[in-house]
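Source file: coords.cif; contents: mmCIF, C-alpha atoms and all ligand atoms.
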data_run
#
loop_
_atom_site.label_atom_id
_atom_site.label_comp_id
_atom_site.auth_asym_id
_atom_site.auth_seq_id
_atom_site.Cartn_x
_atom_site.Cartn_y
_atom_site.Cartn_z
CA MET D 114 -9.98 9.75 15.02
CA MET D 115 -12.38 9.64 12.05
CA LYS D 116 -10.35 11.99 9.86
CA GLY D 117 -11.02 11.38 6.18
CA LYS D 118 -13.72 8.76 6.77
CA LYS D 119 -16.61 9.37 4.40
CA ILE D 120 -19.96 8.87 6.06
CA LEU D 121 -23.27 9.14 4.28
CA ILE D 122 -26.30 9.57 6.52
CA GLY D 123 -29.82 8.85 5.32
CA VAL D 124 -32.59 10.47 7.35
CA THR D 125 -36.20 9.30 7.08
CA GLY D 126 -39.45 10.72 8.42
CA SER D 127 -39.46 10.04 12.14
CA ILE D 128 -39.50 12.24 15.21
CA ALA D 129 -36.09 10.65 16.01
CA ALA D 130 -34.62 12.68 13.10
CA TYR D 131 -33.55 15.28 15.67
CA LYS D 132 -31.10 12.71 17.06
CA SER D 133 -29.44 12.46 13.64
CA VAL D 134 -28.54 16.12 13.93
CA LEU D 135 -26.45 15.13 16.97
CA ILE D 136 -24.93 12.18 15.08
CA VAL D 137 -23.78 14.53 12.31
CA ARG D 138 -22.37 16.92 14.89
CA LEU D 139 -20.44 14.19 16.71
CA LEU D 140 -19.01 12.80 13.47
CA VAL D 141 -17.96 16.20 12.14
CA LYS D 142 -16.30 16.91 15.49
CA GLU D 143 -14.26 13.72 14.95
CA GLU D 144 -13.20 15.15 11.55
CA ALA D 145 -15.25 12.74 9.45
CA GLU D 146 -16.59 13.90 6.08
CA VAL D 147 -20.36 13.75 6.33
CA LYS D 148 -23.03 14.03 3.65
CA VAL D 149 -26.74 13.82 4.39
CA ILE D 150 -29.61 12.67 2.22
CA MET D 151 -33.19 12.98 3.39
CA THR D 152 -36.49 11.45 2.34
CA PRO D 153 -39.14 14.04 1.45
CA SER D 154 -41.16 13.28 4.61
CA SER D 155 -38.16 13.70 6.93
CA LYS D 156 -38.16 17.41 6.06
CA ASP D 157 -41.32 17.71 8.17
CA PHE D 158 -39.22 16.86 11.21
CA VAL D 159 -35.85 18.56 10.62
CA SER D 160 -34.89 21.15 8.06
CA PRO D 161 -32.24 20.31 5.42
CA LEU D 162 -30.62 23.60 6.38
CA THR D 163 -29.76 22.21 9.83
CA PHE D 164 -27.97 19.24 8.27
CA SER D 165 -26.24 21.22 5.52
CA THR D 166 -24.96 23.77 8.06
CA LEU D 167 -23.60 21.08 10.38
CA SER D 168 -22.18 18.81 7.68
CA LYS D 169 -20.89 21.70 5.54
CA ASN D 170 -22.26 19.81 2.55
CA LYS D 171 -25.33 20.22 0.38
CA VAL D 172 -28.21 18.03 1.54
CA LEU D 173 -29.91 16.02 -1.20
CA THR D 174 -33.53 15.00 -0.98
CA GLU D 175 -34.76 14.40 -4.52
CA LEU D 176 -33.57 12.20 -7.36
CA VAL D 177 -34.38 15.01 -9.76
CA SER D 178 -34.65 18.64 -8.76
CA GLU D 179 -35.22 21.48 -11.24
CA ASP D 180 -32.76 20.77 -14.01
CA SER D 181 -30.32 18.49 -12.18
CA TRP D 182 -30.21 14.78 -11.44
CA ALA D 183 -28.67 13.48 -8.20
CA ASN D 184 -26.14 10.80 -9.04
CA HIS D 185 -27.15 8.09 -6.57
CA VAL D 186 -24.49 5.68 -7.82
CA GLU D 187 -21.76 8.22 -7.17
CA LEU D 188 -23.02 8.91 -3.64
CA GLY D 189 -23.14 5.21 -2.80
CA ARG D 190 -19.59 4.78 -4.07
CA TRP D 191 -18.32 7.92 -2.36
CA ALA D 192 -19.24 6.66 1.10
CA ASP D 193 -17.16 4.34 3.27
CA ILE D 194 -20.32 3.60 5.22
CA PHE D 195 -23.98 4.47 4.75
CA LEU D 196 -25.94 4.99 7.97
CA ILE D 197 -29.73 5.15 7.72
CA ALA D 198 -30.87 6.81 10.94
CA PRO D 199 -33.68 7.01 11.81
CA ALA D 200 -35.06 4.23 9.62
CA THR D 201 -38.84 4.18 9.73
CA CYS D 202 -41.02 1.12 9.41
CA ASN D 203 -41.96 2.29 5.92
CA THR D 204 -38.34 2.69 4.75
CA LEU D 205 -37.44 -0.71 6.24
CA ALA D 206 -40.31 -2.32 4.28
CA LYS D 207 -39.11 -0.67 1.09
CA MET D 208 -35.50 -1.68 1.71
CA ALA D 209 -36.55 -5.27 2.32
CA ASN D 210 -38.46 -5.38 -0.94
CA GLY D 211 -36.23 -3.39 -3.28
CA PHE D 212 -38.49 -0.34 -3.68
CA CYS D 213 -36.86 2.71 -5.19
CA ASP D 214 -39.26 5.65 -4.97
CA ASN D 215 -36.92 8.24 -3.46
CA LEU D 216 -33.25 9.25 -3.56
CA LEU D 217 -32.39 7.55 -0.26
CA LEU D 218 -33.64 4.18 -1.53
CA ALA D 219 -31.90 4.61 -4.89
CA VAL D 220 -28.62 5.25 -3.04
CA TYR D 221 -29.26 2.26 -0.77
CA LEU D 222 -29.88 -0.07 -3.71
CA SER D 223 -26.80 1.09 -5.60
CA SER D 224 -24.34 1.49 -2.71
CA THR D 225 -21.35 -0.81 -2.50
CA CYS D 226 -20.28 0.22 1.00
CA PRO D 227 -21.49 -1.38 4.26
CA VAL D 228 -24.94 -0.17 5.33
CA MET D 229 -25.94 0.34 8.96
CA VAL D 230 -29.56 0.88 9.93
CA ALA D 231 -30.92 2.45 13.13
CA PRO D 232 -34.67 1.74 13.27
CA ALA D 233 -37.10 4.03 15.07
CA MET D 234 -40.80 3.37 15.57
CA ASP D 235 -43.57 2.71 18.02
CA GLU D 236 -43.43 -0.52 20.01
CA ASP D 237 -46.40 -2.20 18.30
CA MET D 238 -44.93 -1.50 14.89
CA TRP D 239 -41.54 -2.76 16.08
CA ARG D 240 -43.09 -6.01 17.32
CA HIS D 241 -45.24 -6.59 14.22
CA PRO D 242 -44.29 -9.80 12.34
CA ALA D 243 -44.07 -7.83 9.07
CA THR D 244 -41.38 -5.59 10.59
CA LYS D 245 -39.53 -8.60 12.01
CA LEU D 246 -39.58 -10.25 8.58
CA ASN D 247 -38.35 -7.07 6.90
CA LEU D 248 -35.49 -6.78 9.41
CA GLN D 249 -34.53 -10.39 8.81
CA LYS D 250 -34.47 -9.78 5.07
CA ILE D 251 -32.40 -6.63 5.40
CA THR D 252 -29.92 -8.47 7.64
CA SER D 253 -29.71 -11.32 5.15
CA PHE D 254 -28.69 -8.77 2.49
CA GLY D 255 -25.56 -8.15 4.59
CA ASN D 256 -26.67 -4.92 6.31
CA THR D 257 -26.23 -4.25 10.02
CA ILE D 258 -29.30 -3.47 12.10
CA LEU D 259 -28.58 -1.57 15.29
CA PRO D 260 -30.67 -2.38 18.36
CA VAL D 261 -33.53 -0.13 19.46
CA ASP D 262 -33.81 1.31 22.95
CA ASN D 263 -36.54 0.80 25.47
CA GLY D 264 -38.05 4.04 26.78
CA GLU D 265 -40.43 6.87 26.15
CA LEU D 266 -41.90 6.82 22.65
CA ALA D 267 -43.39 9.56 20.48
CA SER D 268 -46.84 8.05 21.08
CA GLY D 269 -46.51 8.83 24.77
CA LEU D 270 -46.25 5.12 25.55
CA THR D 271 -43.18 3.51 27.02
CA GLY D 272 -41.59 0.50 25.39
CA GLU D 273 -39.23 -0.80 22.72
CA GLY D 274 -38.64 1.05 19.47
CA ARG D 275 -36.71 4.22 20.32
CA MET D 276 -33.76 4.87 18.05
CA SER D 277 -30.40 4.18 19.76
CA GLU D 278 -28.68 7.17 21.27
CA PRO D 279 -26.35 9.19 18.96
CA ALA D 280 -23.23 8.40 21.02
CA PHE D 281 -23.95 4.66 20.77
CA ILE D 282 -24.45 4.89 16.99
CA VAL D 283 -21.20 6.82 16.58
CA GLU D 284 -19.40 4.11 18.60
CA LYS D 285 -20.83 1.47 16.24
CA ILE D 286 -19.57 3.43 13.25
CA LYS D 287 -16.11 3.58 14.82
CA ASP D 288 -16.20 -0.19 15.36
CA PHE D 289 -16.95 -0.57 11.67
CA PHE D 290 -13.91 1.46 10.75
CA PHE D 291 -11.44 0.16 13.22
CA LYS D 292 -12.32 -3.52 13.37
CA PRO D 293 -11.81 -3.84 9.60
CA GLU D 294 -8.18 -2.75 9.82
CA ILE D 295 -7.47 -6.22 11.26
CA CYS D 296 -8.02 -7.90 7.88
CA LYS D 297 -7.11 -5.05 5.55
CA GLY D 298 -4.72 -6.27 2.86
CA LEU D 299 -5.63 -9.93 3.34
CA ASN D 300 -6.89 -11.96 0.40
CA VAL D 301 -9.36 -14.63 1.38
CA LEU D 302 -10.56 -17.41 -0.92
CA ILE D 303 -13.64 -19.37 0.13
CA THR D 304 -15.55 -22.24 -1.44
CA ALA D 305 -19.19 -22.71 -0.42
CA GLY D 306 -22.40 -24.45 -1.32
CA PRO D 307 -23.03 -27.82 -2.93
CA THR D 308 -21.81 -29.02 -6.29
CA VAL D 309 -24.10 -30.49 -8.92
CA GLU D 310 -22.87 -33.45 -10.99
CA ALA D 311 -24.78 -34.07 -14.19
CA ILE D 312 -25.93 -37.61 -15.03
CA ASP D 313 -27.72 -36.66 -18.25
CA PRO D 314 -29.27 -33.40 -19.52
CA VAL D 315 -32.07 -33.78 -16.94
CA ARG D 316 -30.72 -35.48 -13.80
CA PHE D 317 -27.90 -34.77 -11.42
CA ILE D 318 -26.28 -35.83 -8.13
CA SER D 319 -25.99 -33.22 -5.42
CA ASN D 320 -26.33 -32.70 -1.65
CA HIS D 321 -28.28 -30.59 0.83
CA SER D 322 -25.65 -27.90 1.41
CA SER D 323 -27.20 -24.41 1.40
CA GLY D 324 -23.92 -22.48 1.29
CA LYS D 325 -25.02 -20.44 4.35
CA MET D 326 -21.91 -21.09 6.46
CA GLY D 327 -19.41 -20.24 3.72
CA VAL D 328 -21.33 -17.11 2.76
CA ALA D 329 -21.44 -15.99 6.43
CA ILE D 330 -17.65 -16.42 6.70
CA ALA D 331 -17.16 -14.48 3.46
CA GLU D 332 -19.30 -11.63 4.79
CA GLU D 333 -17.49 -11.54 8.14
CA PHE D 334 -14.10 -11.29 6.43
CA ARG D 335 -15.43 -8.60 4.13
CA LYS D 336 -16.78 -6.61 7.09
CA ARG D 337 -13.25 -6.62 8.50
CA GLY D 338 -11.77 -5.23 5.33
CA ALA D 339 -10.37 -8.35 3.62
CA SER D 340 -10.62 -8.84 -0.16
CA VAL D 341 -12.85 -11.86 -0.47
CA THR D 342 -13.41 -14.20 -3.41
CA LEU D 343 -16.21 -16.70 -3.01
CA ILE D 344 -16.38 -19.75 -5.27
CA LEU D 345 -20.02 -20.64 -4.91
CA GLY D 346 -21.78 -23.78 -6.05
CA PRO D 347 -25.51 -23.67 -6.88
CA SER D 348 -26.92 -21.92 -3.81
CA GLY D 349 -29.87 -19.61 -3.29
CA GLU D 350 -28.04 -17.52 -0.70
CA SER D 351 -27.73 -13.82 -1.46
CA VAL D 352 -24.23 -12.43 -1.20
CA ASN D 353 -23.21 -8.88 -0.36
CA HIS D 354 -21.96 -6.51 -3.05
CA GLY D 355 -18.35 -6.22 -1.90
CA ILE D 356 -17.52 -9.90 -2.40
CA GLU D 357 -16.20 -11.26 -5.69
CA ILE D 358 -18.32 -14.25 -6.60
CA ARG D 359 -17.29 -16.99 -8.99
CA ARG D 360 -20.32 -19.18 -9.69
CA VAL D 361 -19.62 -22.83 -10.47
CA THR D 362 -21.74 -25.92 -10.86
CA SER D 363 -19.67 -29.11 -10.75
CA ALA D 364 -16.84 -30.32 -8.53
CA LYS D 365 -14.55 -30.08 -11.56
CA GLU D 366 -15.39 -26.42 -12.14
CA MET D 367 -14.94 -25.66 -8.44
CA TYR D 368 -11.56 -27.41 -8.51
CA GLN D 369 -10.43 -25.43 -11.58
CA GLU D 370 -11.53 -22.09 -10.09
CA ALA D 371 -9.86 -22.84 -6.74
CA ILE D 372 -6.60 -24.05 -8.27
CA SER D 373 -6.36 -21.02 -10.53
CA ARG D 374 -6.86 -18.63 -7.57
CA TYR D 375 -5.37 -20.15 -4.41
CA GLN D 376 -1.85 -18.77 -4.99
CA GLN D 377 -3.02 -15.17 -4.49
CA ALA D 378 -4.82 -16.01 -1.23
CA ASP D 379 -3.48 -15.56 2.30
CA ILE D 380 -6.34 -17.54 3.79
CA ILE D 381 -8.12 -20.38 1.98
CA ILE D 382 -11.35 -21.76 3.42
CA MET D 383 -13.00 -24.80 1.89
CA ALA D 384 -16.55 -24.72 3.21
CA ALA D 385 -18.15 -26.28 0.14
CA ALA D 386 -19.77 -29.69 0.23
CA VAL D 387 -17.99 -30.96 -2.85
CA ALA D 388 -19.28 -34.17 -4.41
CA ASP D 389 -16.79 -36.93 -3.68
CA TYR D 390 -17.94 -38.89 -6.73
CA THR D 391 -19.24 -37.82 -10.12
CA PRO D 392 -20.71 -39.87 -13.01
CA ALA D 393 -17.87 -41.45 -15.00
CA GLU D 394 -19.70 -40.37 -18.15
CA ILE D 395 -22.42 -37.82 -18.72
CA SER D 396 -25.05 -39.12 -21.11
CA GLY D 397 -25.71 -36.65 -23.93
CA MET D 398 -29.32 -37.85 -24.13
CA LYS D 399 -31.92 -38.35 -21.44
CA ILE D 400 -31.51 -41.88 -20.07
CA LYS D 401 -34.69 -43.90 -20.64
CA LYS D 402 -36.13 -46.20 -17.97
CA ASP D 403 -35.89 -49.28 -20.17
CA ASN D 404 -34.41 -51.61 -17.55
CA GLU D 405 -35.58 -52.78 -14.12
CA GLU D 406 -32.24 -51.86 -12.61
CA MET D 407 -29.76 -49.22 -13.48
CA LYS D 408 -26.11 -48.98 -12.54
CA LEU D 409 -24.41 -45.63 -12.46
CA ASN D 410 -20.63 -45.65 -12.78
CA LEU D 411 -19.05 -43.03 -10.57
CA LYS D 412 -15.47 -41.83 -10.44
CA LYS D 413 -13.77 -39.94 -7.62
CA THR D 414 -13.54 -36.16 -7.93
CA ASP D 415 -10.31 -34.31 -7.25
CA ASP D 416 -10.06 -33.30 -3.60
CA ILE D 417 -9.59 -29.52 -3.71
CA LEU D 418 -8.62 -29.18 -0.04
CA LYS D 419 -6.09 -32.00 -0.23
CA THR D 420 -4.59 -30.74 -3.49
CA ILE D 421 -4.12 -27.22 -2.13
CA GLY D 422 -2.79 -28.70 1.17
CA GLY D 423 0.00 -30.35 -0.85
CA LEU D 424 0.83 -27.23 -2.86
CA LYS D 425 0.39 -24.25 -0.57
CA LYS D 426 3.15 -22.17 0.97
CA ASP D 427 3.68 -22.20 4.76
CA SER D 428 2.51 -18.60 4.95
CA GLN D 429 -0.91 -19.52 3.53
CA LEU D 430 -3.49 -20.67 6.03
CA LEU D 431 -5.74 -23.51 4.88
CA VAL D 432 -9.07 -24.30 6.54
CA GLY D 433 -11.30 -27.30 5.85
CA PHE D 434 -14.60 -28.54 7.20
CA ALA D 435 -15.64 -31.95 8.43
CA LEU D 436 -19.30 -32.87 8.73
CA GLU D 437 -19.47 -36.12 10.64
CA THR D 438 -22.08 -38.45 12.10
CA ASP D 439 -19.78 -40.59 14.27
CA ASN D 440 -16.18 -40.79 15.58
CA GLU D 441 -16.23 -37.06 15.08
CA LYS D 442 -12.91 -36.06 16.63
CA GLU D 443 -10.99 -38.98 15.11
CA ASN D 444 -12.37 -38.24 11.64
CA ALA D 445 -11.72 -34.52 11.98
CA LEU D 446 -8.08 -35.11 12.97
CA LYS D 447 -7.69 -37.57 10.09
CA LYS D 448 -8.80 -34.82 7.71
CA LEU D 449 -6.55 -32.23 9.39
CA ASN D 450 -3.45 -34.37 8.92
CA GLY D 451 -4.41 -36.21 5.72
CA LYS D 452 -5.26 -33.01 3.84
CA LYS D 453 -2.43 -30.95 5.37
CA ALA D 454 -4.87 -28.27 6.57
CA ASP D 455 -4.08 -25.77 9.33
CA PHE D 456 -7.62 -25.86 10.69
CA ILE D 457 -10.47 -28.33 10.51
CA ILE D 458 -13.88 -27.09 11.57
CA LEU D 459 -15.99 -29.97 12.76
CA ASN D 460 -19.73 -30.06 12.90
CA SER D 461 -21.59 -33.15 13.89
CA LEU D 462 -24.96 -34.10 12.49
CA LYS D 463 -25.65 -35.53 15.96
CA ASP D 464 -25.86 -31.99 17.34
CA GLU D 465 -29.31 -30.51 17.01
CA GLY D 466 -29.19 -27.27 15.01
CA SER D 467 -25.98 -28.22 13.17
CA GLY D 468 -25.40 -28.94 9.53
CA PHE D 469 -27.05 -28.42 6.18
CA GLY D 470 -29.74 -25.81 5.61
CA GLN D 471 -29.94 -24.78 9.29
CA ASP D 472 -29.52 -21.18 10.41
CA THR D 473 -27.46 -22.32 13.39
CA ASN D 474 -24.31 -24.36 13.80
CA LYS D 475 -22.25 -25.88 16.59
CA ILE D 476 -18.59 -26.25 15.81
CA THR D 477 -15.30 -27.47 17.23
CA ILE D 478 -12.10 -26.14 15.70
CA PHE D 479 -8.99 -28.32 15.57
CA ASP D 480 -5.70 -26.78 14.54
CA LYS D 481 -2.38 -28.15 13.32
CA LYS D 482 -0.61 -27.21 16.58
CA GLY D 483 -2.93 -29.46 18.61
CA GLY D 484 -5.43 -26.78 19.64
CA GLU D 485 -9.07 -27.74 20.14
CA ALA D 486 -11.84 -25.22 20.79
CA ALA D 487 -15.51 -26.13 21.17
CA PHE D 488 -18.19 -23.46 20.73
CA GLU D 489 -21.84 -23.26 21.76
CA LYS D 490 -24.65 -23.54 19.22
CA LYS D 491 -25.03 -20.11 17.59
CA SER D 492 -26.46 -18.48 14.49
CA LYS D 493 -24.27 -19.04 11.42
CA SER D 494 -23.28 -15.36 11.34
CA GLU D 495 -22.11 -15.59 14.98
CA VAL D 496 -20.27 -18.84 14.20
CA ALA D 497 -18.59 -16.99 11.33
CA ILE D 498 -17.34 -14.38 13.84
CA ASP D 499 -15.84 -17.17 16.02
CA ILE D 500 -14.20 -18.77 12.97
CA VAL D 501 -12.72 -15.48 11.73
CA ASN D 502 -11.50 -14.54 15.24
CA SER D 503 -9.85 -17.97 15.64
CA ILE D 504 -8.15 -17.74 12.25
CA ILE D 505 -6.85 -14.21 12.91
CA GLU D 506 -5.61 -15.13 16.40
CA TYR D 507 -3.82 -18.20 15.03
CA LYS D 508 -2.29 -16.24 12.17
CA ASN D 509 -1.04 -13.48 14.47
CA ALA D 510 0.26 -15.83 17.20
N1 LIG Z 601 -13.36 -31.14 -0.09
C1 LIG Z 601 -12.76 -30.63 -1.21
N2 LIG Z 601 -12.81 -31.30 -2.40
C2 LIG Z 601 -13.45 -32.47 -2.49
C3 LIG Z 601 -14.06 -33.02 -1.35
C4 LIG Z 601 -14.01 -32.32 -0.16
O1 LIG Z 601 -12.18 -29.54 -1.12
N3 LIG Z 601 -13.50 -33.10 -3.65
C5 LIG Z 601 -13.24 -30.41 1.18
C6 LIG Z 601 -14.54 -29.84 1.69
O2 LIG Z 601 -14.77 -28.54 1.19
C7 LIG Z 601 -14.33 -29.84 3.19
C8 LIG Z 601 -13.51 -31.10 3.40
O3 LIG Z 601 -12.83 -31.34 2.18
O4 LIG Z 601 -13.56 -28.76 3.62
C9 LIG Z 601 -14.37 -32.28 3.72
O5 LIG Z 601 -13.62 -33.40 3.68
P1 LIG Z 601 -14.10 -34.77 3.02
O6 LIG Z 601 -13.04 -35.79 3.28
O7 LIG Z 601 -14.50 -34.64 1.64
O8 LIG Z 601 -15.36 -35.04 3.82
P2 LIG Z 601 -16.40 -36.03 3.39
O9 LIG Z 601 -16.95 -35.74 2.05
O10 LIG Z 601 -17.38 -36.02 4.52
O11 LIG Z 601 -15.51 -37.32 3.29
P3 LIG Z 601 -15.70 -38.70 4.02
O12 LIG Z 601 -16.89 -39.23 3.34
O13 LIG Z 601 -14.45 -39.41 3.74
O14 LIG Z 601 -15.90 -38.35 5.45
#
Can you dump the structure from the file as structure tokens?
Ligand code: CTP
Amino acid sequence: MMKGKKILIGVTGSIAAYKSVLIVRLLVKEEAEVKVIMTPSSKDFVSPLTFSTLSKNKVLTELVSEDSWANHVELGRWADIFLIAPATCNTLAKMANGFCDNLLLAVYLSSTCPVMVAPAMDEDMWRHPATKLNLQKITSFGNTILPVDNGELASGLTGEGRMSEPAFIVEKIKDFFFKPEICKGLNVLITAGPTVEAIDPVRFISNHSSGKMGVAIAEEFRKRGASVTLILGPSGESVNHGIEIRRVTSAKEMYQEAISRYQQADIIIMAAAVADYTPAEISGMKIKKDNEEMKLNLKKTDDILKTIGGLKKDSQLLVGFALETDNEKENALKKLNGKKADFIILNSLKDEGSGFGQDTNKITIFDKKGGEAAFEKKSKSEVAIDIVNSIIEYKNA
């Protein structure tokens, strides 16, 4: 089932390292190609010889050994997926903060493939706020953290923190490989974030969009194997390696990028909060506060969603967003029809936990065929899963 899949396994210094021996065995049995890298301290728990015998590949532990240098970039590019199991508290802290003091971390920092992490530690360490923060950071970098088990721990105590069982981890790896096939070959174009409209060299008009929702959708499509291009306005969100990012500032730049790229896309998602108006003229000099009042002349920006709605082929699926405060459904349907979109994703500012800057969202999806689906409030990454599932279902119907 896993024939030809290239799996890199990183082992760190935990008693759970013995379970990684079983992971390698299970994967090799499924005909996957497995390579193992180990941190120096993991060798206290399992010998490299065990892993090299099972994987039939040399095990690397050092960035430099004798007269040779391990090419960490090559390893990261070789792999289809990089599993770090077990991941100790120490390695998680280093991953969260970009440390690079061993081969495993160098490979992690330079890998372009999806990274899956199976933590293993004592319950108190697992529950510590520093660990929680590190896990949040690692997740926000686009990596997948597997759950820990509850049970007997190396300390002799019983509780949370045991590494997941090898069979469970292998199932998760299979999900990674076989879910992506759904979107393989699809080109997805996404706009996200705010736009910034200059008034003069110092001031600008913008909005509170964080770009979180669009980035989460981009990452979900990428996880499923699509080629994703993200046109991103000024946003502090970090975006995973495998996504092509086109950074823009103004509505005009976003329009130009989107128009030059939409023809190659199978799915076009306009999640950006594009300024509807921009200063009619940008002052070359800083405007002085000489007058009691000041009038700013604004002109309408080009509506990217509407323009693409009028130009796109029937085979291309176009998705827009509507952020409303009142008459939500009516306004959403007006946008669906007026902008010739296939989907409008509505979020209402009336719903607690919806909208700009939040980590959660509550959406209703309206489609061109009259469909309406309301979802519970969820984290933006879970909302992204619902959105991608709905788009794929609609496309395949
Ligand atoms: N949009 C766009 N280009 C613009 C403006 C909006 O592509 N210049 C897209 C957004 O990315 C989003 C949808 O259109 O998908 C939002 O519709 P819009 O009518 O702009 O919403 P509002 O700005 O809220 O408009 P209104 O004030 O009329 O409700």
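Comparing D:Asn474, D:Thr391, D:Thr271, D:Thr257 by their smallest distance to Phe289 in chain D, the closest is D:Thr257 (using all atoms listed in the file).
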Return as number ranges by chain the residues of protein, DNA or RNA that approach ligand LIG 601 (chain Z) to within 6 Å, with all atoms listed in the file taken into account. D: 383-389, 414-418, 433-436
Which residue gives the smallest distance to Cys202 in chain D among D:Asp237, D:Glu333, D:Glu265, D:Glu144, with all atoms listed in the file counted?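 The closest residue to Cys202 in chain D is D:Asp237.
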Around the point (-37.7, 8.2, -5.9), in the coordinates given by the file, pick out the residues reaching within 10 Å, counting all atoms listed in the file, and return them as a PDB file with C-alpha atoms, keeping the file's coordinate frame.
ATOM      1  CA  THR D 152     -36.490  11.450   2.340  1.00  0.00           C
ATOM      2  CA  PRO D 153     -39.140  14.040   1.450  1.00  0.00           C
ATOM      3  CA  THR D 174     -33.530  15.000  -0.980  1.00  0.00           C
ATOM      4  CA  GLU D 175     -34.760  14.400  -4.520  1.00  0.00           C
ATOM      5  CA  LEU D 176     -33.570  12.200  -7.360  1.00  0.00           C
ATOM      6  CA  VAL D 177     -34.380  15.010  -9.760  1.00  0.00           C
ATOM      7  CA  PHE D 212     -38.490  -0.340  -3.680  1.00  0.00           C
ATOM      8  CA  CYS D 213     -36.860   2.710  -5.190  1.00  0.00           C
ATOM      9  CA  ASP D 214     -39.260   5.650  -4.970  1.00  0.00           C
ATOM     10  CA  ASN D 215     -36.920   8.240  -3.460  1.00  0.00           C
ATOM     11  CA  LEU D 216     -33.250   9.250  -3.560  1.00  0.00           C
ATOM     12  CA  LEU D 217     -32.390   7.550  -0.260  1.00  0.00           C
ATOM     13  CA  LEU D 218     -33.640   4.180  -1.530  1.00  0.00           C
ATOM     14  CA  ALA D 219     -31.900   4.610  -4.890  1.00  0.00           C
ATOM     15  CA  VAL D 220     -28.620   5.250  -3.040  1.00  0.00           C
TER      16      VAL D 220
END
Wanna dump the range 170-287 of chain D-range 120-129 of chain D contacts at 8 Å for me, each residue with its shortest atom pair and the distance in Å to one decimal, counting all atoms listed in the file, ordered by chain and number, as a Markdown table?
| residue | atom | partner | partner_atom | distance |
| --- | --- | --- | --- | --- |
| D:Leu188 | CA | D:Leu121 | CA | 7.9 |
| D:Ala192 | CA | D:Ile120 | CA | 5.5 |
| D:Asp193 | CA | D:Ile120 | CA | 6.0 |
| D:Ile194 | CA | D:Ile120 | CA | 5.3 |
| D:Phe195 | CA | D:Leu121 | CA | 4.7 |
| D:Leu196 | CA | D:Ile122 | CA | 4.8 |
| D:Ile197 | CA | D:Gly123 | CA | 4.4 |
| D:Ala198 | CA | D:Val124 | CA | 5.4 |
| D:Pro199 | CA | D:Val124 | CA | 5.7 |
| D:Ala200 | CA | D:Thr125 | CA | 5.8 |
| D:Thr201 | CA | D:Thr125 | CA | 6.3 |
| D:Thr204 | CA | D:Thr125 | CA | 7.3 |
| D:Leu217 | CA | D:Gly123 | CA | 6.3 |
| D:Ala233 | CA | D:Ala129 | CA | 6.8 |
| D:Met234 | CA | D:Ser127 | CA | 7.6 |
| D:Ala267 | CA | D:Ile128 | CA | 7.1 |
| D:Arg275 | CA | D:Ala129 | CA | 7.8 |
| D:Met276 | CA | D:Ala129 | CA | 6.6 |
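A distance cut-off of 10 Å around (-27.7, -22.1, 11.8), counting all atoms listed in the file, selects these protein and nucleic acid residues: Lys325, Met326, Gly466, Ser467, Gly468, Phe469, Gly470, Gln471, Asp472, Thr473, Asn474, Lys475, Lys490, Lys491, Ser492, Lys493, Ser494, Glu495 and Val496 of chain D.
For the residues D:Val352, D:Ile344, D:Ile500, D:Ala305, ranking by smallest atom-to-atom distance to Ser323 in chain D using all atoms listed in the file places D:Ala305 first.
Distance annotation: of D:Val341, D:Lys401, D:Ser351, D:Ile318, the residue with the minimal separation from Ala364 in chain D is D:Ile318; atom set is all atoms listed in the file.
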Shell around Leu270 in chain D at 10 Å using all atoms listed in the file, local window under 4 positions removed, as JSON, numbers by chain: {"D": [235, 236, 264, 265, 266]}
Nearest to Arg190 in chain D among D:Gly211, D:Pro232, D:Gly355, D:Pro307, with distances taken over all atoms listed in the file: which residue is it?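 Using all atoms listed in the file, Arg190 in chain D sits closest to D:Gly355.
Atom pair CA of Leu302 in chain D / CA of Leu449 in chain D has a distance of 18.5 Å (rounded to one decimal).
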As an exercise, work out the distance from CA of Asn300 in chain D to CA of Ala339 in chain D in Å and give it to one decimal place.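 Taking CA of Asn300 in chain D and CA of Ala339 in chain D, their separation equals 6.0 Å.
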CA of Ser363 in chain D to CA of Phe317 in chain D: how many Å, to one decimal?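 That distance, rounded to one decimal, is 10.0 Å.
Considering only C-alpha atoms, the residue among D:Tyr375, D:Phe291, D:Phe334, D:Tyr131 positioned nearest to Leu430 in chain D is D:Tyr375.
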Within 8 Å of Ile358 in chain D, counting only C-alpha atoms, which residues show up once you throw out same-chain ones fewer than 2 positions away? Write them as JSON, numbers by chain, please. {"D": [342, 343, 344, 345, 356, 360]}
